[in-house]
Structure formats: C-alpha cells, structure tokens
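S.K.: This is the content of model32.tsv (TSV, C-alpha atoms):
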```
chain	number	residue	atom	x	y	z
A	264	MET	CA	4.92	-22.48	-67.30
A	265	GLU	CA	5.25	-18.93	-68.54
A	266	GLY	CA	3.27	-18.05	-71.63
A	267	SER	CA	1.23	-21.24	-71.54
A	268	SER	CA	-2.54	-21.52	-71.42
A	269	SER	CA	-2.10	-24.08	-68.62
A	270	GLU	CA	0.29	-21.93	-66.63
A	271	LYS	CA	-1.30	-22.77	-63.27
A	272	LEU	CA	-2.06	-26.40	-64.05
A	273	ILE	CA	1.55	-27.56	-63.84
A	274	ILE	CA	3.32	-25.92	-60.90
A	275	VAL	CA	7.07	-26.13	-60.44
A	276	THR	CA	8.74	-25.04	-57.21
A	277	ARG	CA	12.47	-25.06	-56.58
A	278	GLU	CA	13.70	-25.05	-52.99
A	279	PRO	CA	17.13	-23.92	-51.73
A	280	ASP	CA	17.91	-27.41	-50.44
A	281	GLY	CA	17.97	-28.88	-53.96
A	282	ILE	CA	14.50	-30.41	-54.05
A	283	ALA	CA	12.15	-29.42	-56.87
A	284	THR	CA	8.45	-30.25	-56.72
A	285	VAL	CA	6.27	-30.63	-59.80
A	286	THR	CA	2.54	-30.57	-59.05
A	287	ILE	CA	-0.24	-31.50	-61.45
A	288	ASN	CA	-2.77	-28.89	-60.37
A	289	ARG	CA	-6.21	-29.60	-61.78
A	290	PRO	CA	-7.89	-31.11	-58.71
A	291	LYS	CA	-11.50	-30.48	-59.78
A	292	SER	CA	-10.88	-32.79	-62.75
A	293	LEU	CA	-8.83	-35.25	-60.67
A	294	ASN	CA	-5.73	-33.90	-62.44
A	295	SER	CA	-6.72	-35.24	-65.85
A	296	LEU	CA	-4.29	-34.14	-68.54
A	297	THR	CA	-5.03	-31.88	-71.46
A	298	ARG	CA	-2.60	-31.57	-74.36
A	299	PRO	CA	-1.17	-28.23	-73.10
A	300	MET	CA	-0.65	-29.77	-69.65
A	301	MET	CA	1.32	-32.64	-71.18
A	302	VAL	CA	3.51	-30.19	-73.05
A	303	ASP	CA	4.10	-28.16	-69.89
A	304	LEU	CA	4.87	-31.29	-67.87
A	305	ALA	CA	7.44	-32.34	-70.47
A	306	LYS	CA	8.97	-28.85	-70.49
A	307	ALA	CA	9.12	-28.84	-66.70
A	308	PHE	CA	11.15	-32.05	-66.54
A	309	LYS	CA	13.41	-30.96	-69.38
A	310	ALA	CA	14.16	-27.68	-67.58
A	311	LEU	CA	14.73	-29.36	-64.21
A	312	ALA	CA	17.08	-31.88	-65.83
A	313	LYS	CA	19.33	-29.00	-66.88
A	314	ASP	CA	19.06	-27.02	-63.62
A	315	ASN	CA	22.23	-27.61	-61.59
A	316	SER	CA	20.56	-26.34	-58.41
A	317	VAL	CA	18.09	-29.26	-58.50
A	318	ARG	CA	19.21	-32.64	-57.16
A	319	VAL	CA	15.94	-34.55	-56.62
A	320	ILE	CA	12.47	-34.06	-58.14
A	321	ILE	CA	9.18	-34.89	-56.42
A	322	LEU	CA	6.10	-35.30	-58.63
A	323	SER	CA	2.69	-35.01	-57.02
A	324	GLY	CA	-0.95	-34.25	-57.76
A	325	ALA	CA	-3.11	-31.63	-56.08
A	326	GLY	CA	-6.24	-32.70	-54.21
A	327	ARG	CA	-7.43	-36.27	-53.80
A	328	ALA	CA	-5.94	-37.81	-56.97
A	329	PHE	CA	-2.47	-38.14	-58.40
A	330	CYS	CA	-3.56	-38.14	-62.05
A	331	SER	CA	-6.73	-39.60	-63.53
A	332	GLY	CA	-5.25	-39.92	-67.00
A	333	VAL	CA	-5.93	-38.09	-70.23
A	334	ASP	CA	-8.88	-35.69	-70.43
A	335	LEU	CA	-10.96	-37.77	-72.85
A	336	THR	CA	-13.08	-34.78	-73.85
A	337	ALA	CA	-10.05	-33.87	-75.98
A	338	ALA	CA	-8.98	-37.44	-76.79
A	339	GLN	CA	-8.51	-36.93	-80.52
A	340	ASP	CA	-6.39	-33.83	-79.93
A	341	VAL	CA	-4.19	-35.82	-77.57
A	342	PHE	CA	-3.92	-39.17	-79.34
A	343	LYS	CA	-3.68	-37.88	-82.90
A	344	GLY	CA	-1.62	-34.83	-82.05
A	345	ASP	CA	2.14	-34.56	-81.94
A	346	VAL	CA	2.51	-37.25	-79.28
A	347	LYS	CA	5.44	-38.67	-81.25
A	348	ASP	CA	7.52	-35.57	-80.48
A	349	PRO	CA	9.86	-36.46	-77.58
A	350	GLU	CA	10.22	-32.78	-76.69
A	351	THR	CA	6.56	-32.59	-75.68
A	352	ASP	CA	6.23	-36.12	-74.28
A	353	PRO	CA	6.36	-36.00	-70.46
A	354	VAL	CA	7.20	-39.69	-70.05
A	355	VAL	CA	10.11	-39.43	-72.49
A	356	GLN	CA	11.40	-36.36	-70.67
A	357	MET	CA	11.05	-38.11	-67.29
A	358	GLU	CA	12.95	-41.13	-68.61
A	359	GLN	CA	15.69	-38.88	-69.99
A	360	CYS	CA	15.96	-36.87	-66.76
A	361	PRO	CA	19.23	-37.81	-65.00
A	362	LYS	CA	17.98	-36.76	-61.54
A	363	PRO	CA	16.02	-39.12	-59.27
A	364	ILE	CA	12.25	-38.65	-59.54
A	365	ILE	CA	10.09	-39.55	-56.55
A	366	GLY	CA	6.38	-39.97	-57.24
A	367	ALA	CA	4.14	-38.85	-54.38
A	368	ILE	CA	0.95	-40.80	-55.12
A	369	ASN	CA	-1.75	-39.24	-52.96
A	370	GLY	CA	-4.73	-40.95	-54.61
A	371	LEU	CA	-5.77	-42.55	-57.88
A	372	ALA	CA	-3.22	-42.96	-60.67
A	373	ILE	CA	-5.29	-43.97	-63.68
A	374	THR	CA	-4.04	-45.07	-67.13
A	375	ALA	CA	-1.82	-42.16	-68.29
A	376	GLY	CA	-1.39	-41.30	-64.60
A	377	PHE	CA	-0.33	-44.91	-64.01
A	378	GLU	CA	2.21	-44.58	-66.83
A	379	ILE	CA	3.58	-41.37	-65.36
A	380	ALA	CA	3.97	-43.17	-62.02
A	381	LEU	CA	5.86	-45.94	-63.85
A	382	ALA	CA	8.28	-43.30	-65.16
A	383	CYS	CA	9.24	-42.31	-61.60
A	384	ASP	CA	12.29	-43.86	-59.93
A	385	MET	CA	10.65	-44.36	-56.52
A	386	LEU	CA	7.08	-44.15	-55.28
A	387	VAL	CA	5.54	-43.08	-51.99
A	388	ALA	CA	1.80	-43.75	-51.91
A	389	ALA	CA	-1.05	-42.91	-49.58
A	390	LYS	CA	-3.02	-45.63	-47.85
A	391	GLY	CA	-6.02	-46.33	-50.05
A	392	ALA	CA	-4.39	-45.00	-53.22
A	393	ALA	CA	-4.61	-47.22	-56.28
A	394	PHE	CA	-3.23	-47.70	-59.76
A	395	VAL	CA	-5.78	-48.43	-62.49
A	396	ASP	CA	-5.26	-49.31	-66.16
A	397	THR	CA	-8.37	-48.54	-68.24
A	398	HIS	CA	-6.80	-48.81	-71.70
A	399	ALA	CA	-8.72	-52.00	-72.50
A	400	ARG	CA	-11.95	-50.65	-71.03
A	401	PHE	CA	-12.03	-47.55	-73.25
A	402	GLY	CA	-10.32	-48.91	-76.34
A	403	ILE	CA	-7.14	-46.88	-75.95
A	404	PHE	CA	-3.81	-48.34	-77.03
A	405	PRO	CA	-1.00	-47.79	-74.47
A	406	SER	CA	1.88	-45.67	-75.73
A	407	TRP	CA	3.64	-44.46	-72.58
A	408	GLY	CA	5.07	-47.83	-71.59
A	409	LEU	CA	2.43	-49.48	-69.43
A	410	SER	CA	2.20	-52.65	-71.54
A	411	GLN	CA	5.95	-53.25	-71.23
A	412	LYS	CA	7.01	-51.83	-67.87
A	413	LEU	CA	4.31	-53.17	-65.57
A	414	ALA	CA	5.00	-56.84	-66.33
A	415	ARG	CA	8.68	-56.27	-65.63
A	416	PHE	CA	7.89	-54.61	-62.30
A	417	ILE	CA	5.15	-56.86	-60.87
A	418	GLY	CA	5.32	-59.98	-63.05
A	419	PRO	CA	3.37	-60.83	-66.22
A	420	ASN	CA	0.42	-62.65	-64.65
A	421	LYS	CA	-0.43	-59.83	-62.26
A	422	ALA	CA	0.15	-57.26	-65.02
A	423	ARG	CA	-2.29	-59.09	-67.29
A	424	GLU	CA	-4.90	-59.03	-64.54
A	425	VAL	CA	-4.41	-55.31	-63.96
A	426	SER	CA	-4.51	-54.45	-67.66
A	427	LEU	CA	-6.82	-56.97	-69.34
A	428	ALA	CA	-9.41	-56.99	-66.54
A	429	ALA	CA	-8.82	-53.34	-65.56
A	430	MET	CA	-8.50	-54.46	-61.94
A	431	PRO	CA	-7.21	-51.78	-59.54
A	432	LEU	CA	-3.80	-52.38	-57.99
A	433	SER	CA	-3.93	-51.02	-54.45
A	434	ALA	CA	-1.00	-49.13	-53.02
A	435	GLU	CA	-0.71	-51.77	-50.32
A	436	GLU	CA	-0.50	-54.63	-52.84
A	437	ALA	CA	1.87	-52.62	-55.02
A	438	GLU	CA	4.17	-52.23	-52.02
A	439	LYS	CA	4.18	-56.00	-51.45
A	440	LEU	CA	5.07	-56.50	-55.11
A	441	GLY	CA	7.98	-54.07	-54.87
A	442	PHE	CA	6.45	-51.43	-57.15
A	443	VAL	CA	5.74	-48.92	-54.37
A	444	ASN	CA	8.50	-48.12	-51.89
A	445	TYR	CA	6.38	-46.83	-48.99
A	446	VAL	CA	2.69	-46.63	-48.10
A	447	VAL	CA	1.92	-43.93	-45.54
A	448	ASP	CA	-1.01	-41.89	-44.25
A	449	GLN	CA	-2.46	-39.40	-46.75
A	450	ASN	CA	-1.07	-36.38	-44.92
A	451	GLU	CA	2.41	-37.91	-44.75
A	452	VAL	CA	2.97	-38.64	-48.46
A	453	LEU	CA	4.91	-35.46	-49.28
A	454	ASN	CA	6.80	-35.58	-45.99
A	455	LYS	CA	7.93	-39.15	-46.68
A	456	ALA	CA	8.92	-38.20	-50.23
A	457	ARG	CA	10.99	-35.32	-48.85
A	458	GLN	CA	12.59	-37.62	-46.30
A	459	LEU	CA	13.58	-39.99	-49.11
A	460	ALA	CA	14.89	-37.06	-51.16
A	461	GLY	CA	16.93	-35.90	-48.17
A	462	ALA	CA	18.53	-39.32	-47.81
A	463	ILE	CA	19.50	-39.25	-51.50
A	464	MET	CA	21.00	-35.77	-51.20
A	465	LYS	CA	23.34	-36.84	-48.39
A	466	ASN	CA	25.25	-38.89	-50.94
A	467	SER	CA	27.60	-37.99	-53.76
A	468	GLN	CA	25.53	-36.21	-56.39
A	469	ASP	CA	27.79	-37.40	-59.19
A	470	LEU	CA	27.50	-41.02	-58.10
A	471	VAL	CA	23.73	-40.75	-57.58
A	472	LEU	CA	23.33	-39.61	-61.20
A	473	ARG	CA	25.64	-42.33	-62.49
A	474	TYR	CA	23.95	-44.97	-60.32
A	475	LYS	CA	20.44	-44.06	-61.49
A	476	SER	CA	21.66	-44.27	-65.07
A	477	VAL	CA	23.35	-47.65	-64.71
A	478	ILE	CA	20.31	-49.16	-62.93
A	479	ASN	CA	17.77	-47.79	-65.41
A	480	ASP	CA	19.84	-48.56	-68.49
A	481	GLY	CA	20.73	-52.02	-67.24
A	482	TYR	CA	17.11	-52.90	-66.50
A	483	LYS	CA	16.44	-52.79	-70.24
A	484	LEU	CA	19.12	-55.41	-70.90
A	485	ASP	CA	19.57	-59.03	-69.99
A	486	LEU	CA	21.78	-59.77	-66.98
A	487	ARG	CA	24.89	-60.60	-69.01
A	488	GLN	CA	24.67	-57.36	-70.98
A	489	GLY	CA	23.89	-55.38	-67.84
A	490	LEU	CA	26.89	-56.74	-65.98
A	491	ALA	CA	29.14	-55.94	-68.94
A	492	MET	CA	27.77	-52.39	-69.06
A	493	GLU	CA	28.36	-51.92	-65.32
A	494	LYS	CA	31.93	-53.18	-65.66
A	495	GLU	CA	32.64	-50.90	-68.61
A	496	ARG	CA	31.23	-47.81	-66.89
A	497	GLY	CA	32.99	-48.70	-63.65
A	498	HIS	CA	36.42	-48.96	-65.31
A	499	LYS	CA	35.81	-45.68	-67.13
A	500	TYR	CA	34.82	-43.98	-63.87
A	501	TYR	CA	37.88	-45.16	-61.93
A	502	ASP	CA	40.21	-44.42	-64.82
A	503	GLY	CA	39.00	-40.84	-64.67
A	504	MET	CA	39.51	-40.40	-60.92
A	505	THR	CA	42.41	-38.25	-59.73
A	506	PRO	CA	44.72	-39.09	-56.79
A	507	GLU	CA	42.97	-36.32	-54.84
A	508	GLN	CA	39.59	-38.00	-55.34
A	509	PHE	CA	40.96	-41.34	-54.13
A	510	LYS	CA	42.40	-39.54	-51.09
A	511	LYS	CA	39.00	-37.97	-50.31
A	512	MET	CA	37.38	-41.38	-50.64
A	513	GLN	CA	39.86	-42.88	-48.18
A	514	GLU	CA	39.33	-40.00	-45.75
A	515	PHE	CA	35.58	-40.52	-45.95
A	516	ILE	CA	35.92	-44.24	-45.25
A	517	ALA	CA	38.17	-43.46	-42.28
A	518	ARG	CA	35.51	-41.14	-40.84
A	519	ARG	CA	32.55	-43.42	-41.48
A	520	GLY	CA	32.27	-44.35	-37.83
A	521	SER	CA	31.83	-40.73	-36.72
A	522	LYS	CA	28.41	-39.30	-35.96
A	523	LYS	CA	28.35	-36.84	-38.85
A	524	PRO	CA	30.49	-38.17	-41.69
A	525	SER	CA	30.99	-35.95	-44.70
A	526	SER	CA	29.46	-37.40	-47.85
A	527	LYS	CA	30.93	-34.88	-50.27
A	528	LEU	CA	33.28	-36.97	-52.34
```
Will you turn the file into structure tokens for me?

M.R.:
Amino acid sequence: MEGSSSEKLIIVTREPDGIATVTINRPKSLNSLTRPMMVDLAKAFKALAKDNSVRVIILSGAGRAFCSGVDLTAAQDVFKGDVKDPETDPVVQMEQCPKPIIGAINGLAITAGFEIALACDMLVAAKGAAFVDTHARFGIFPSWGLSQKLARFIGPNKAREVSLAAMPLSAEEAEKLGFVNYVVDQNEVLNKARQLAGAIMKNSQDLVLRYKSVINDGYKLDLRQGLAMEKERGHKYYDGMTPEQFKKMQEFIARRGSKKPSSKL
C-alpha cells in the first residue's frame, strides 16, 4: 500500500467486473509475513470492504506457496507487538469484511497462512497443496483462530491430529472433509476462483452480503439461536421491502425458465 515499507509485498488489484485480488507477494520467502505485511494486509481488506465497486475478493500467494506463516526472524516484533489492535489484524479485518472472500491456495498454507485460509469464505486449492499447523512444533500459541475454527470445520479428532502432531492436511483430504471447495491443477487455481466469483456476482449483491453474514454469524451459535437469528433477520428484510421490489422478484421468478434471466433484484 502507498507509503508502506512493504508496498510491493501486498498487491491489490481492482478489476472493472467487481473482482478484487489481494496477492501476498514475497515468493522468495514463501510469502512469510512480516509485521508491516500484516498491517498492509489488514488495511487492504478494510479498504476493499468499503469499496462499493468491489463485490468479491480473491486472496492468493505469489509463487509456489500461499503463505508459509509468520517470518520468525522477527517473531518477537510480531507476537509482542500491537497484535491486539483489530485495525492492523488481517484475520479480524477479513472476518469483518462483508464481501465474499475466496482463498486461492496455490501451495503450502502454514500456521498463520493456515489461519488466513480459515478466514476465507471459500477455498480453491491446487493439487498437492497442503495446510500445516506448526504452532505446537515451534512453541507458538495460536491467536488467529486455528484452535477453535479447525475443529468446527473438520471435526475435533482430525483437528487434534493436524495441530498436536503437526500433520499436514492435504488439499485433497481437506476437500473430502468439506474444508476446501475445489481442488484443481496448479495453473487453474486462479481461473477456478474467478469462475466461482463470477457465479456469485450473477446474484443479488444485497442478498449475497446478507447471506454471508447470516451464515457466518449463525455458525458461531447453536442451532436454536441460529434459527432464531435467521427468522429475525428474515422478517426485518421482508418488512423493509417495497411493493416494487416484490414485483421485481415476481418478474424474475416468471423469467427463470429463460436462457438469460436477469438476476438484478
């Protein structure tokens, strides 16, 4: 980002079609994160969240890795720095971002990189890519959600194996467990992510944002609370709809059998 010492290490591109791509660009170090890179990554997601021209965000890593975690040569600076500040915490900013985030996992996602992948809404991974948790190996306490999220995504027994034994979770196994959406050839990862983004953008942007929110917020609750939240938000949404919006909805339903139905509600 402008004025930052890591200006070229976090690259943000906005495209006219509504897709923004965030690239961790430190391939010679397998995209390991320095403190300035974390700050820039957080700023990037905060800015994209507010950008009305952006509808879907793709997060990727340059070279042969997605993100190999924190640069441990500056571990004290990272772990004892201002990591408690949500403004400079990339995972917090990703979780607060209302737009769908697609992770394009082209290679290894290690520890902090694993946690960043967990903060994405959908994942497309390359064949042979893997997720590795080395917190226990190096004596690092997780603070970006890995200890809590992974068990909820893949089950507690498998999560304990991945974290306590530091056993790699292959992209192929992660797909079987429902953590990864698609596993494709290395050179097709970004294309598949864009295809997924395109499918999202064919739908009502307002509903996509509301739907992401109700899924993500509800996942933190038990089923009874989640159902009550959905019902409450649903009533509020329909109460706020105008007769014109209901008419457009009915027109859309009437045209759904045509080859090119409009999805602009």

S.K.: Would you pick out the contacts of range 332-335 of chain A at 10 Å or less, using only C-alpha atoms, so that residues sharing its chain but fewer than 5 positions from it are not included, and give the list as a PyMOL selection string?

M.R.: chain A and resi 292-298+300-301+340-342+371-379+395-397+401

S.K.: Smallest atom-to-atom distance to Ala456 in chain A: which of A:Thr351, A:Gln488, A:Met357, A:Val443, using only C-alpha atoms?

M.R.: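 Among A:Thr351, A:Gln488, A:Met357, A:Val443, it is A:Val443 that comes nearest to Ala456 in chain A.
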
S.K.: Take CA of Val446 in chain A and CA of Leu413 in chain A and report the distance between them in Å, one decimal.

M.R.: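 So the answer is 18.7 Å.
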
S.K.: Find the residues around Asp448 in chain A up to 7 Å (all atoms listed in the file counted), leave out those fewer than 2 positions away in its own chain, and share them as a list of chain:residue names.

M.R.: A:Ala389, A:Lys390, A:Asn450, A:Glu451, A:Val452

S.K.: Kindly indicate which residue among A:Pro361, A:Gly370, A:Pro299, A:Gly503 lies nearest to Ser323 in chain A, using all atoms listed in the file for the distances.

M.R.: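 That would be A:Gly370, the residue with the smallest distance to Ser323 in chain A.
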
S.K.: Could you pull the residues within 7 Å of Ile287 in chain A, counting only C-alpha atoms, minus those fewer than 5 positions along the same chain, as a ChimeraX atom specification?

M.R.: /A:272-274,294,323-325

S.K.: Return the single residue from A:Asp303, A:Asp348, A:Asp469, A:Asp280 that is closest to Val317 in chain A, with distances computed using all atoms listed in the file.

M.R.: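 The shortest atom-to-atom distance to Val317 in chain A comes from A:Asp280.
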
S.K.: Need to verify the contact set: Ser406 in chain A, 10 Å, only C-alpha atoms, exclusion of same-chain residues closer than 2 positions in sequence. Can you return it as a ChimeraX atom specification?

M.R.: /A:342,346-347,354,375,378,403-404,408-411

S.K.: Write out as a count of residues only the residues lying within 12 Å of Ile282 in chain A, counting all atoms listed in the file and excluding same-chain residues fewer than 2 positions away.

M.R.: 32

S.K.: So, with all atoms listed in the file as the atoms that count, which of A:Ala310, A:Val447, A:Val425, A:Ala414 lies closest to Ala388 in chain A?

M.R.: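 Ranking A:Ala310, A:Val447, A:Val425, A:Ala414 by distance to Ala388 in chain A, first place goes to A:Val447.
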
S.K.: Using 6 Å of padding on each side, determine the axis-aligned box around all atoms of range 270-274 of chain A present in the file and give its centre and edge lengths in Å to one decimal, as AutoDock Vina command-line options.

M.R.:
```
--center_x 0.6 --center_y -24.7 --center_z -63.8 --size_x 17.4 --size_y 17.6 --size_z 17.7
```

S.K.: Could you tell me how far CA of Asp485 in chain A lies from CA of Ala422 in chain A, in Å and to one decimal?

M.R.: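 Between CA of Asp485 in chain A and CA of Ala422 in chain A the gap is 20.1 Å.
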
S.K.: Quote the spacing between CA of Ala367 in chain A and CA of Ala434 in chain A in Å to one decimal place.

M.R.: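 Atom-to-atom, CA of Ala367 in chain A to CA of Ala434 in chain A, that is 11.6 Å.
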
S.K.: Counting all atoms listed in the file, figure out which residue out of A:Leu490, A:Arg400, A:Ile368, A:Phe416 gets nearest to Ser433 in chain A.

M.R.: A:Ile368

S.K.: Let me make sure I understand: among A:Met504, A:Lys465, A:Phe442, A:Phe515, which one has the smallest atom-to-atom distance to Arg415 in chain A if we use all atoms listed in the file?

M.R.: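 Using all atoms listed in the file, the shortest distance to Arg415 in chain A belongs to A:Phe442.
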